[in-house]
$ cat coords02.cif   # mmCIF, C-alpha atoms
data_protein
#
loop_
_atom_site.group_PDB
_atom_site.id
_atom_site.type_symbol
_atom_site.label_atom_id
_atom_site.label_comp_id
_atom_site.auth_asym_id
_atom_site.auth_seq_id
_atom_site.Cartn_x
_atom_site.Cartn_y
_atom_site.Cartn_z
ATOM 1 C CA MET K 1 135.187 239.794 52.745
ATOM 2 C CA LYS K 2 135.299 243.481 51.908
ATOM 3 C CA LYS K 3 135.290 242.673 48.191
ATOM 4 C CA LEU K 4 132.199 240.487 48.620
ATOM 5 C CA LEU K 5 130.414 243.182 50.619
ATOM 6 C CA THR K 6 131.294 245.757 47.988
ATOM 7 C CA ILE K 7 129.864 243.603 45.210
ATOM 8 C CA CYS K 8 126.639 242.965 47.146
ATOM 9 C CA LEU K 9 126.259 246.613 48.117
ATOM 10 C CA ALA K 10 126.980 247.760 44.572
ATOM 11 C CA GLY K 11 124.232 245.505 43.306
ATOM 12 C CA LEU K 12 121.731 246.957 45.761
ATOM 13 C CA LEU K 13 122.676 250.538 45.016
ATOM 14 C CA LEU K 14 122.687 250.142 41.260
ATOM 15 C CA LEU K 15 119.234 248.573 41.455
ATOM 16 C CA GLY K 16 118.007 251.465 43.553
ATOM 17 C CA CYS K 17 117.385 249.162 46.499
ATOM 18 C CA ALA K 18 119.473 250.796 49.192
ATOM 19 C CA PRO K 19 118.294 249.786 52.672
ATOM 20 C CA ARG K 20 116.369 252.572 54.340
ATOM 21 C CA GLN K 21 117.505 253.923 57.671
ATOM 22 C CA THR K 22 114.911 253.035 60.270
ATOM 23 C CA THR K 23 114.194 254.450 63.675
ATOM 24 C CA THR K 24 114.972 251.290 65.607
ATOM 25 C CA GLU K 25 117.879 251.393 67.992
ATOM 26 C CA ALA K 26 119.634 248.450 66.354
ATOM 27 C CA ASP K 27 119.573 249.936 62.868
ATOM 28 C CA VAL K 28 120.594 253.528 63.472
ATOM 29 C CA PRO K 29 124.307 254.246 62.892
ATOM 30 C CA THR K 30 126.188 255.971 65.627
ATOM 31 C CA ALA K 31 126.703 258.847 64.075
ATOM 32 C CA ALA K 32 123.448 277.389 59.450
ATOM 33 C CA PRO K 33 125.470 282.897 58.708
ATOM 34 C CA THR K 34 124.829 284.144 62.244
ATOM 35 C CA ALA K 35 127.383 286.126 64.198
ATOM 36 C CA ASP K 36 126.324 284.302 67.355
ATOM 37 C CA PRO K 37 126.677 280.487 67.352
ATOM 38 C CA THR K 38 124.358 280.128 70.378
ATOM 39 C CA PRO K 39 121.402 277.859 69.489
ATOM 40 C CA LEU K 40 118.178 279.693 68.693
ATOM 41 C CA PRO K 41 114.621 278.286 68.859
ATOM 42 C CA VAL K 42 113.758 276.046 65.933
ATOM 43 C CA ASP K 43 110.310 276.870 64.595
ATOM 44 C CA ASP K 44 110.044 274.887 61.377
ATOM 45 C CA GLY K 45 108.311 271.603 60.621
ATOM 46 C CA PRO K 46 105.505 269.896 62.547
ATOM 47 C CA ASP K 47 104.907 271.008 66.120
ATOM 48 C CA PRO K 48 106.947 268.841 68.495
ATOM 49 C CA GLN K 49 105.184 266.963 71.263
ATOM 50 C CA GLU K 50 106.011 268.960 74.361
ATOM 51 C CA GLU K 51 106.873 266.142 76.740
ATOM 52 C CA GLY K 52 109.532 267.331 79.124
ATOM 53 C CA GLY K 53 112.262 265.010 80.273
ATOM 54 C CA MET K 54 112.004 262.549 77.369
ATOM 55 C CA THR K 55 115.075 260.707 76.175
ATOM 56 C CA VAL K 56 115.822 258.260 73.387
ATOM 57 C CA THR K 57 118.689 255.798 73.048
ATOM 58 C CA ILE K 58 120.414 255.464 69.684
ATOM 59 C CA ASP K 59 123.200 252.939 69.296
ATOM 60 C CA GLY K 60 123.946 252.931 72.984
ATOM 61 C CA GLU K 61 123.958 256.722 73.457
ATOM 62 C CA THR K 62 121.127 258.583 75.176
ATOM 63 C CA PHE K 63 119.809 261.905 73.882
ATOM 64 C CA ALA K 64 117.242 264.441 75.044
ATOM 65 C CA TYR K 65 114.128 264.204 72.908
ATOM 66 C CA ASP K 66 110.855 266.115 72.484
ATOM 67 C CA GLY K 67 108.870 263.380 70.770
ATOM 68 C CA TYR K 68 109.745 264.596 67.283
ATOM 69 C CA ARG K 69 113.285 265.944 67.304
ATOM 70 C CA ILE K 70 116.493 265.192 69.118
ATOM 71 C CA ILE K 71 117.392 268.157 71.332
ATOM 72 C CA GLU K 72 120.557 269.715 69.941
ATOM 73 C CA PRO K 73 123.274 270.232 72.586
ATOM 74 C CA GLU K 74 124.502 273.733 73.234
ATOM 75 C CA VAL K 75 127.633 274.902 71.459
ATOM 76 C CA THR K 76 130.480 275.100 73.959
ATOM 77 C CA PHE K 77 133.109 276.833 71.842
ATOM 78 C CA ASP K 78 133.405 279.848 69.556
ATOM 79 C CA ILE K 79 133.182 278.495 66.038
ATOM 80 C CA HIS K 80 134.582 281.741 64.643
ATOM 81 C CA THR K 81 137.966 281.108 66.291
ATOM 82 C CA LYS K 82 138.361 277.671 64.667
ATOM 83 C CA THR K 83 139.914 276.669 61.359
ATOM 84 C CA ALA K 84 139.675 273.466 59.345
ATOM 85 C CA ASP K 85 143.106 272.277 60.451
ATOM 86 C CA ASP K 86 141.924 272.345 64.086
ATOM 87 C CA PHE K 87 139.733 269.367 63.181
ATOM 88 C CA VAL K 88 141.438 267.582 60.284
ATOM 89 C CA ASP K 89 145.171 267.006 59.838
ATOM 90 C CA ASP K 90 144.789 266.914 56.044
ATOM 91 C CA PHE K 91 144.304 270.671 56.081
ATOM 92 C CA ASN K 92 147.586 271.378 57.907
ATOM 93 C CA ALA K 93 149.566 271.427 54.662
ATOM 94 C CA VAL K 94 149.829 274.858 53.059
ATOM 95 C CA TYR K 95 149.823 275.050 49.264
ATOM 96 C CA GLU K 96 150.111 277.987 46.919
ATOM 97 C CA VAL K 97 146.630 278.824 45.666
ATOM 98 C CA ALA K 98 144.663 281.524 43.915
ATOM 99 C CA ARG K 99 141.605 282.529 45.918
ATOM 100 C CA GLU K 100 138.675 284.635 44.766
ATOM 101 C CA SER K 101 135.042 285.001 45.710
ATOM 102 C CA TYR K 102 131.759 285.995 44.122
ATOM 103 C CA ARG K 103 128.188 286.519 45.279
ATOM 104 C CA LEU K 104 124.980 284.693 44.565
ATOM 105 C CA THR K 105 121.766 286.783 44.580
ATOM 106 C CA PRO K 106 123.797 289.949 45.365
ATOM 107 C CA GLY K 107 122.012 292.852 46.983
ATOM 108 C CA THR K 108 119.174 290.711 48.345
ATOM 109 C CA ASP K 109 118.285 289.170 51.709
ATOM 110 C CA THR K 110 119.553 285.843 50.401
ATOM 111 C CA GLU K 111 122.968 287.072 49.278
ATOM 112 C CA THR K 112 125.735 284.592 50.012
ATOM 113 C CA THR K 113 129.312 283.898 48.972
ATOM 114 C CA VAL K 114 131.068 281.280 46.886
ATOM 115 C CA VAL K 115 134.841 281.064 47.360
ATOM 116 C CA LYS K 116 136.856 279.634 44.461
ATOM 117 C CA ILE K 117 140.185 278.065 45.445
ATOM 118 C CA THR K 118 142.547 277.072 42.629
ATOM 119 C CA GLY K 119 145.584 274.913 43.252
ATOM 120 C CA ALA K 120 148.921 275.343 41.485
ATOM 121 C CA ALA K 121 148.622 272.019 39.643
ATOM 122 C CA PRO K 122 145.869 271.048 37.208
ATOM 123 C CA GLY K 123 143.132 268.822 38.532
ATOM 124 C CA PRO K 124 139.402 268.289 38.837
ATOM 125 C CA ALA K 125 136.743 270.698 40.089
ATOM 126 C CA VAL K 126 134.689 269.930 43.198
ATOM 127 C CA TYR K 127 131.746 272.021 44.426
ATOM 128 C CA VAL K 128 130.771 272.097 48.121
ATOM 129 C CA ALA K 129 127.335 273.507 48.984
ATOM 130 C CA ALA K 130 127.066 273.834 52.767
ATOM 131 C CA GLY K 131 123.839 274.475 54.635
ATOM 132 C CA ILE K 132 120.874 274.744 52.262
ATOM 133 C CA HIS K 133 118.952 274.251 55.512
ATOM 134 C CA GLY K 134 119.953 277.222 57.623
ATOM 135 C CA ASP K 135 119.504 275.542 61.021
ATOM 136 C CA GLU K 136 121.941 272.734 60.147
ATOM 137 C CA ARG K 137 124.824 274.687 61.524
ATOM 138 C CA ALA K 138 127.654 272.159 61.508
ATOM 139 C CA ALA K 139 127.197 271.953 57.743
ATOM 140 C CA TRP K 140 127.727 275.641 57.076
ATOM 141 C CA TYR K 141 130.230 276.100 59.900
ATOM 142 C CA ALA K 142 132.347 273.486 58.125
ATOM 143 C CA GLY K 143 131.718 275.290 54.840
ATOM 144 C CA LEU K 144 132.983 278.600 56.212
ATOM 145 C CA MET K 145 136.170 276.877 57.362
ATOM 146 C CA LEU K 146 136.620 275.186 53.981
ATOM 147 C CA GLN K 147 136.588 278.591 52.310
ATOM 148 C CA ASN K 148 140.011 279.229 53.877
ATOM 149 C CA ILE K 149 141.815 275.967 53.121
ATOM 150 C CA THR K 150 144.489 275.432 50.475
ATOM 151 C CA ILE K 151 144.659 272.638 47.904
ATOM 152 C CA LYS K 152 147.558 271.366 45.806
ATOM 153 C CA ALA K 153 145.632 270.720 42.586
ATOM 154 C CA GLY K 154 142.357 271.407 40.848
ATOM 155 C CA THR K 155 139.617 273.869 41.749
ATOM 156 C CA LEU K 156 137.365 273.899 44.795
ATOM 157 C CA TYR K 157 134.171 275.951 44.977
ATOM 158 C CA VAL K 158 132.713 276.421 48.466
ATOM 159 C CA LEU K 159 129.256 277.945 48.947
ATOM 160 C CA ALA K 160 128.577 278.700 52.612
ATOM 161 C CA PRO K 161 126.014 279.141 53.916
ATOM 162 C CA ALA K 162 123.969 278.064 50.915
ATOM 163 C CA ASN K 163 120.850 279.399 52.639
ATOM 164 C CA ALA K 164 122.110 282.622 54.195
ATOM 165 C CA TRP K 165 118.550 283.818 54.891
ATOM 166 C CA GLY K 166 117.853 280.717 56.954
ATOM 167 C CA ALA K 167 121.272 280.722 58.612
ATOM 168 C CA GLN K 168 120.736 284.256 59.901
ATOM 169 C CA ARG K 169 117.466 283.112 61.489
ATOM 170 C CA ASN K 170 118.449 279.532 62.434
ATOM 171 C CA ARG K 171 115.622 278.288 60.223
ATOM 172 C CA ARG K 172 115.323 275.280 57.974
ATOM 173 C CA LEU K 173 112.782 276.937 55.709
ATOM 174 C CA VAL K 174 112.839 280.077 53.592
ATOM 175 C CA GLY K 175 109.536 281.774 54.218
ATOM 176 C CA GLU K 176 107.250 278.758 54.330
ATOM 177 C CA GLU K 177 109.166 276.638 51.799
ATOM 178 C CA ASP K 178 111.852 274.000 52.142
ATOM 179 C CA PRO K 179 114.601 275.183 49.790
ATOM 180 C CA ASN K 180 115.829 271.621 49.409
ATOM 181 C CA ARG K 181 112.586 270.738 47.637
ATOM 182 C CA CYS K 182 112.681 273.723 45.253
ATOM 183 C CA PHE K 183 115.472 272.816 42.825
ATOM 184 C CA PRO K 184 116.165 273.688 40.029
ATOM 185 C CA GLY K 185 114.399 276.836 41.201
ATOM 186 C CA ASN K 186 112.830 279.753 39.385
ATOM 187 C CA GLU K 187 114.514 283.092 38.719
ATOM 188 C CA SER K 188 111.166 284.895 39.090
ATOM 189 C CA GLY K 189 109.651 282.663 41.768
ATOM 190 C CA THR K 190 109.482 282.722 45.556
ATOM 191 C CA LEU K 191 112.458 283.578 47.732
ATOM 192 C CA ALA K 192 113.340 279.898 48.143
ATOM 193 C CA GLN K 193 112.979 279.257 44.417
ATOM 194 C CA ARG K 194 115.264 282.177 43.561
ATOM 195 C CA ILE K 195 117.956 280.904 45.921
ATOM 196 C CA CYS K 196 117.767 277.454 44.365
ATOM 197 C CA PHE K 197 117.840 278.870 40.850
ATOM 198 C CA ALA K 198 121.042 280.807 41.586
ATOM 199 C CA ILE K 199 122.757 277.791 43.156
ATOM 200 C CA PHE K 200 121.673 275.385 40.421
ATOM 201 C CA ARG K 201 122.840 277.707 37.640
ATOM 202 C CA ASP K 202 126.179 278.247 39.365
ATOM 203 C CA ILE K 203 126.777 274.490 39.614
ATOM 204 C CA GLU K 204 125.685 274.086 36.007
ATOM 205 C CA GLU K 205 128.135 276.777 34.890
ATOM 206 C CA LYS K 206 131.084 275.406 36.877
ATOM 207 C CA GLN K 207 130.509 271.755 35.808
ATOM 208 C CA PRO K 208 132.342 270.128 38.733
ATOM 209 C CA GLU K 209 133.235 266.442 38.761
ATOM 210 C CA LEU K 210 131.561 266.106 42.149
ATOM 211 C CA LEU K 211 129.036 267.958 44.315
ATOM 212 C CA LEU K 212 129.242 267.597 48.103
ATOM 213 C CA ASP K 213 125.974 268.749 49.708
ATOM 214 C CA LEU K 214 126.454 269.230 53.469
ATOM 215 C CA HIS K 215 123.470 268.650 55.783
ATOM 216 C CA GLU K 216 122.479 267.506 59.263
ATOM 217 C CA ALA K 217 119.643 265.359 60.663
ATOM 218 C CA ILE K 218 117.607 265.884 63.833
ATOM 219 C CA VAL K 219 114.121 264.402 63.273
ATOM 220 C CA TYR K 220 113.623 261.040 64.959
ATOM 221 C CA LYS K 221 110.097 259.749 64.493
ATOM 222 C CA GLU K 222 108.543 256.333 64.019
ATOM 223 C CA GLY K 223 107.720 255.728 60.386
ATOM 224 C CA ARG K 224 110.351 258.169 59.075
ATOM 225 C CA ASP K 225 113.865 257.472 57.914
ATOM 226 C CA PHE K 226 116.436 258.655 60.431
ATOM 227 C CA LEU K 227 119.248 260.128 58.400
ATOM 228 C CA GLY K 228 121.831 260.936 61.051
ATOM 229 C CA SER K 229 125.311 259.799 59.974
ATOM 230 C CA THR K 230 124.316 258.965 56.410
ATOM 231 C CA LEU K 231 125.666 259.385 52.888
ATOM 232 C CA ILE K 232 122.913 259.978 50.321
ATOM 233 C CA TYR K 233 123.273 259.341 46.602
ATOM 234 C CA THR K 234 120.959 259.539 43.597
ATOM 235 C CA SER K 235 123.183 258.020 40.928
ATOM 236 C CA LEU K 236 126.519 256.292 41.352
ATOM 237 C CA GLU K 237 127.615 256.941 37.791
ATOM 238 C CA GLY K 238 130.996 258.642 37.803
ATOM 239 C CA MET K 239 131.653 258.185 41.527
ATOM 240 C CA GLU K 240 131.423 254.440 42.153
ATOM 241 C CA ASP K 241 134.914 254.048 43.621
ATOM 242 C CA LEU K 242 134.702 257.197 45.718
ATOM 243 C CA PHE K 243 131.313 256.362 47.205
ATOM 244 C CA PHE K 244 132.180 252.788 48.158
ATOM 245 C CA ASP K 245 135.661 253.663 49.413
ATOM 246 C CA LEU K 246 134.276 256.493 51.549
ATOM 247 C CA LEU K 247 131.403 254.399 52.905
ATOM 248 C CA PHE K 248 133.664 251.525 53.944
ATOM 249 C CA ALA K 249 136.245 253.931 55.382
ATOM 250 C CA THR K 250 133.582 255.362 57.718
ATOM 251 C CA GLN K 251 132.441 251.887 58.725
ATOM 252 C CA GLU K 252 135.994 250.784 59.452
ATOM 253 C CA GLY K 253 136.694 253.832 61.632
ATOM 254 C CA GLU K 254 139.194 255.400 59.249
ATOM 255 C CA VAL K 255 137.379 258.684 58.608
ATOM 256 C CA THR K 256 134.447 259.771 60.769
ATOM 257 C CA SER K 257 133.667 259.441 64.472
ATOM 258 C CA CYS K 258 131.145 256.668 63.794
ATOM 259 C CA PRO K 259 130.050 254.408 60.923
ATOM 260 C CA PHE K 260 127.904 256.087 58.277
ATOM 261 C CA GLY K 261 125.009 254.389 56.537
ATOM 262 C CA TYR K 262 123.708 255.108 53.063
ATOM 263 C CA ASN K 263 120.366 256.041 51.540
ATOM 264 C CA GLY K 264 118.965 257.086 48.194
ATOM 265 C CA PRO K 265 117.837 258.488 45.945
ATOM 266 C CA GLY K 266 117.639 262.077 47.104
ATOM 267 C CA PRO K 267 114.077 263.396 47.394
ATOM 268 C CA ALA K 268 112.402 265.115 44.458
ATOM 269 C CA GLY K 269 113.378 268.777 44.290
ATOM 270 C CA SER K 270 116.499 268.322 46.384
ATOM 271 C CA MET K 271 119.874 269.655 45.306
ATOM 272 C CA ASN K 272 121.324 266.139 45.237
ATOM 273 C CA ARG K 273 118.672 264.618 43.021
ATOM 274 C CA THR K 274 118.239 267.568 40.679
ATOM 275 C CA VAL K 275 121.953 268.009 40.037
ATOM 276 C CA ALA K 276 122.432 264.269 39.519
ATOM 277 C CA ASP K 277 119.380 263.841 37.285
ATOM 278 C CA GLN K 278 119.459 267.035 35.246
ATOM 279 C CA LEU K 279 123.162 267.905 35.116
ATOM 280 C CA LYS K 280 124.522 264.345 35.369
ATOM 281 C CA ILE K 281 126.980 265.507 38.025
ATOM 282 C CA PRO K 282 127.710 262.967 40.794
ATOM 283 C CA ALA K 283 126.421 264.221 44.146
ATOM 284 C CA ILE K 284 126.888 263.034 47.718
ATOM 285 C CA THR K 285 124.804 264.476 50.529
ATOM 286 C CA VAL K 286 126.554 264.270 53.902
ATOM 287 C CA GLU K 287 124.202 264.054 56.886
ATOM 288 C CA THR K 288 125.697 264.412 60.355
ATOM 289 C CA PHE K 289 123.617 263.897 63.514
ATOM 290 C CA ARG K 290 122.598 266.983 65.492
ATOM 291 C CA GLY K 291 122.430 265.063 68.762
ATOM 292 C CA TYR K 292 126.212 264.961 68.870
ATOM 293 C CA PRO K 293 128.365 267.868 70.111
ATOM 294 C CA MET K 294 129.095 270.552 67.536
ATOM 295 C CA GLU K 295 132.833 269.807 67.495
ATOM 296 C CA ARG K 296 132.185 266.193 66.549
ATOM 297 C CA ARG K 297 129.733 267.117 63.792
ATOM 298 C CA VAL K 298 131.989 269.766 62.246
ATOM 299 C CA SER K 299 134.898 267.322 62.377
ATOM 300 C CA ASP K 300 132.882 264.637 60.579
ATOM 301 C CA GLN K 301 131.794 267.081 57.878
ATOM 302 C CA LEU K 302 135.362 268.214 57.284
ATOM 303 C CA LYS K 303 136.751 264.682 57.317
ATOM 304 C CA VAL K 304 134.311 263.526 54.638
ATOM 305 C CA VAL K 305 135.227 266.500 52.434
ATOM 306 C CA ALA K 306 138.946 265.906 53.009
ATOM 307 C CA TYR K 307 138.545 262.242 52.061
ATOM 308 C CA ALA K 308 136.824 263.192 48.810
ATOM 309 C CA LEU K 309 139.489 265.782 47.971
ATOM 310 C CA ARG K 310 142.270 263.268 48.658
ATOM 311 C CA HIS K 311 140.496 260.743 46.479
ATOM 312 C CA LYS K 312 140.439 263.325 43.689
ATOM 313 C CA GLY K 313 144.158 264.093 44.115
ATOM 314 C CA MET K 314 143.498 267.630 45.366
ATOM 315 C CA LEU K 315 145.225 267.224 48.746
#

$ encode --input "coords02.cif" --output "structure tokens"
Amino acid sequence: MKKLLTICLAGLLLLGCAPRQTTTEADVPTAAPTADPTPLPVDDGPDPQEEGGMTVTIDGETFAYDGYRIIEPEVTFDIHTKTADDFVDDFNAVYEVARESYRLTPGTDTETTVVKITGAAPGPAVYVAAGIHGDERAAWYAGLMLQNITIKAGTLYVLAPANAWGAQRNRRLVGEEDPNRCFPGNESGTLAQRICFAIFRDIEEKQPELLLDLHEAIVYKEGRDFLGSTLIYTSLEGMEDLFFDLLFATQEGEVTSCPFGYNGPGPAGSMNRTVADQLKIPAITVETFRGYPMERRVSDQLKVVAYALRHKGML
């Protein structure tokens, strides 16, 4: 049965006909640096409908809702005291590694850090870009933890938070622009375009076998795709086995806290689509659902990354 489903799904994906996530209850899968992890007001995107006391039910769970966005629950723990192995057993093993870091856009308001982790054995390179939307905190919280893990083989690059300007302000946008619509960026352009240029050129220089682009979803509106608990692809070339194995592992309860759906291609100007189209580097965008508790979202982010690293022989 699984083989048949894989063949059918592969046909849909390769034809570019992935089913779109809808906002009906039956179809939705159960599914950021600041020194203070306390949620701050979100002021980006269309104005929410201020209707107090609204709720919405998604796959049997009820969430507070403002008519446009799910209301994100408060963080109940100090993220800065946690490490990746608190969430994922795969990171309990300690390997000998070389660790170094470098800055993107140094000396500016957008300055952020990439940590390069090199295992003792040869292996592939994987690049993790966490939190190009600064208010998607589980993405870049997970990224900060990944910067301290060890791997047995290959090279891991971890950029976190990808949008440090937005993370410091708990904002999705940079200025008035969505940085995940600005790739490949412009070295002399707007603030968002300069961030994207630096990230794109770094990925281009490192030439990883895989890009993992960590995000979160919160918008829940009729007529829009709901992307909570979703894996997004643009091209499957070079990652067919990984994508299908990971997708089915989530749906069979082997990896994440709930089944993940899939969607694609990435939108024009996004990191996923631009890297896949222009650099021909396989890219998976991981979308967790901001209605869930922070611990659950961080765990899901880390588990997806760990699965990919295991698949690549790096853990």

$ closest_residue --input "coords02.cif" --among "K:Gly143, K:Gly60, K:Gly269, K:Gly134" --to "K:Gln193" --atoms "only C-alpha atoms"
K:Gly269

$ resolve_selection --input "coords02.cif" --expression "the PyMOL selection byres ((chain K and resi 176-186) around 9)" --output "PyMOL selection string"
chain K and resi 44+132-133+163+172-175+187-201+267-275+278

$ closest_atom_pairs --input "coords02.cif" --of "stretch 274-293 of chain K" --to "stretch 260-263 of chain K" --cutoff "12 Å" --atoms "all atoms listed in the file" --output "Markdown table"
| residue | atom | partner | partner_atom | distance |
| --- | --- | --- | --- | --- |
| K:Ile284 | CA | K:Tyr262 | CA | 10.1 |
| K:Thr285 | CA | K:Asn263 | CA | 9.6 |
| K:Val286 | CA | K:Phe260 | CA | 9.4 |
| K:Glu287 | CA | K:Phe260 | CA | 8.9 |
| K:Thr288 | CA | K:Phe260 | CA | 8.9 |
| K:Phe289 | CA | K:Phe260 | CA | 10.3 |

$ closest_residue --input "coords02.cif" --among "K:Leu156, K:Ile58, K:Ala283, K:Leu231" --to "K:Gly123" --atoms "only C-alpha atoms"
K:Leu156

$ closest_residue --input "coords02.cif" --among "K:Lys152, K:Lys82, K:His215, K:Arg169" --to "K:Ala130" --atoms "all atoms listed in the file"
K:His215

$ resolve_selection --input "coords02.cif" --expression "the PyMOL selection byres ((chain K and resi 139) around 8)" --output "list in words"
Ala32, Ala130, Gly131, Glu136, Arg137, Ala138, Trp140, Tyr141, Ala142, Gly143, Leu214, His215, Glu216, Val298 and Gln301 of chain K

$ write_last_selection --input "coords02.cif" --atoms "C-alpha atoms" --output "mmCIF file, in the coordinates of the input"
data_model
loop_
_atom_site.group_PDB
_atom_site.id
_atom_site.type_symbol
_atom_site.label_atom_id
_atom_site.label_comp_id
_atom_site.auth_asym_id
_atom_site.auth_seq_id
_atom_site.Cartn_x
_atom_site.Cartn_y
_atom_site.Cartn_z
ATOM 1 C CA ALA K 32 123.448 277.389 59.450
ATOM 2 C CA ALA K 130 127.066 273.834 52.767
ATOM 3 C CA GLY K 131 123.839 274.475 54.635
ATOM 4 C CA GLU K 136 121.941 272.734 60.147
ATOM 5 C CA ARG K 137 124.824 274.687 61.524
ATOM 6 C CA ALA K 138 127.654 272.159 61.508
ATOM 7 C CA TRP K 140 127.727 275.641 57.076
ATOM 8 C CA TYR K 141 130.230 276.100 59.900
ATOM 9 C CA ALA K 142 132.347 273.486 58.125
ATOM 10 C CA GLY K 143 131.718 275.290 54.840
ATOM 11 C CA LEU K 214 126.454 269.230 53.469
ATOM 12 C CA HIS K 215 123.470 268.650 55.783
ATOM 13 C CA GLU K 216 122.479 267.506 59.263
ATOM 14 C CA VAL K 298 131.989 269.766 62.246
ATOM 15 C CA GLN K 301 131.794 267.081 57.878
#

$ residues_around --input "coords02.cif" --residues "K:Lys280" --least-positions-apart "6" --cutoff "9 Å" --atoms "all atoms listed in the file" --output "mmCIF file with C-alpha atoms, in the frame of the given file"
data_model
loop_
_atom_site.group_PDB
_atom_site.id
_atom_site.type_symbol
_atom_site.label_atom_id
_atom_site.label_comp_id
_atom_site.auth_asym_id
_atom_site.auth_seq_id
_atom_site.Cartn_x
_atom_site.Cartn_y
_atom_site.Cartn_z
ATOM 1 C CA SER K 235 123.183 258.020 40.928
ATOM 2 C CA GLU K 237 127.615 256.941 37.791
ATOM 3 C CA GLY K 238 130.996 258.642 37.803
ATOM 4 C CA THR K 274 118.239 267.568 40.679
#

$ atom_distance --input "coords02.cif" --atom1 "atom CA of K:Val94" --atom2 "atom CA of K:Thr150"
6.0 Å

$ resolve_selection --input "coords02.cif" --expression "the PyMOL selection byres ((chain K and resi 292) around 12)" --output "PyMOL selection string"
chain K and resi 30-31+58+61-64+70-75+138+216-218+228-229+257-258+288-291+293-300

$ closest_residue --input "coords02.cif" --among "K:Ile281, K:Ile203, K:Leu246, K:Val158" --to "K:Thr118" --atoms "all atoms listed in the file"
K:Val158

$ atom_distance --input "coords02.cif" --atom1 "atom CA of K:Ala129" --atom2 "atom CA of K:Lys116"
12.2 Å

$ axis_aligned_box --input "coords02.cif" --around "stretch 238-253 of chain K" --padding-each-side "8 Å" --output "JSON"
{"center_x": 133.8, "center_y": 254.7, "center_z": 49.7, "size_x": 21.7, "size_y": 23.9, "size_z": 39.8}

$ closest_residue --input "coords02.cif" --among "K:Leu279, K:Ser101, K:Gly264, K:Gln168" --to "K:Asp225" --atoms "only C-alpha atoms"
K:Gly264

$ closest_residue --input "coords02.cif" --among "K:Thr112, K:Thr57, K:Thr105, K:Thr250" --to "K:Leu144" --atoms "all atoms listed in the file"
K:Thr112

$ residues_around --input "coords02.cif" --residues "K:Ala84" --least-positions-apart "3" --cutoff "7 Å" --atoms "only C-alpha atoms" --output "PDB file with C-alpha atoms, in the coordinates of the input"
ATOM      1  CA  PHE K  87     139.733 269.367  63.181  1.00  0.00           C
ATOM      2  CA  VAL K  88     141.438 267.582  60.284  1.00  0.00           C
ATOM      3  CA  PHE K  91     144.304 270.671  56.081  1.00  0.00           C
ATOM      4  CA  MET K 145     136.170 276.877  57.362  1.00  0.00           C
ATOM      5  CA  LEU K 146     136.620 275.186  53.981  1.00  0.00           C
TER       6      LEU K 146
END

$ atom_distance --input "coords02.cif" --atom1 "atom CA of K:Thr230" --atom2 "atom CA of K:Val128"
16.8 Å
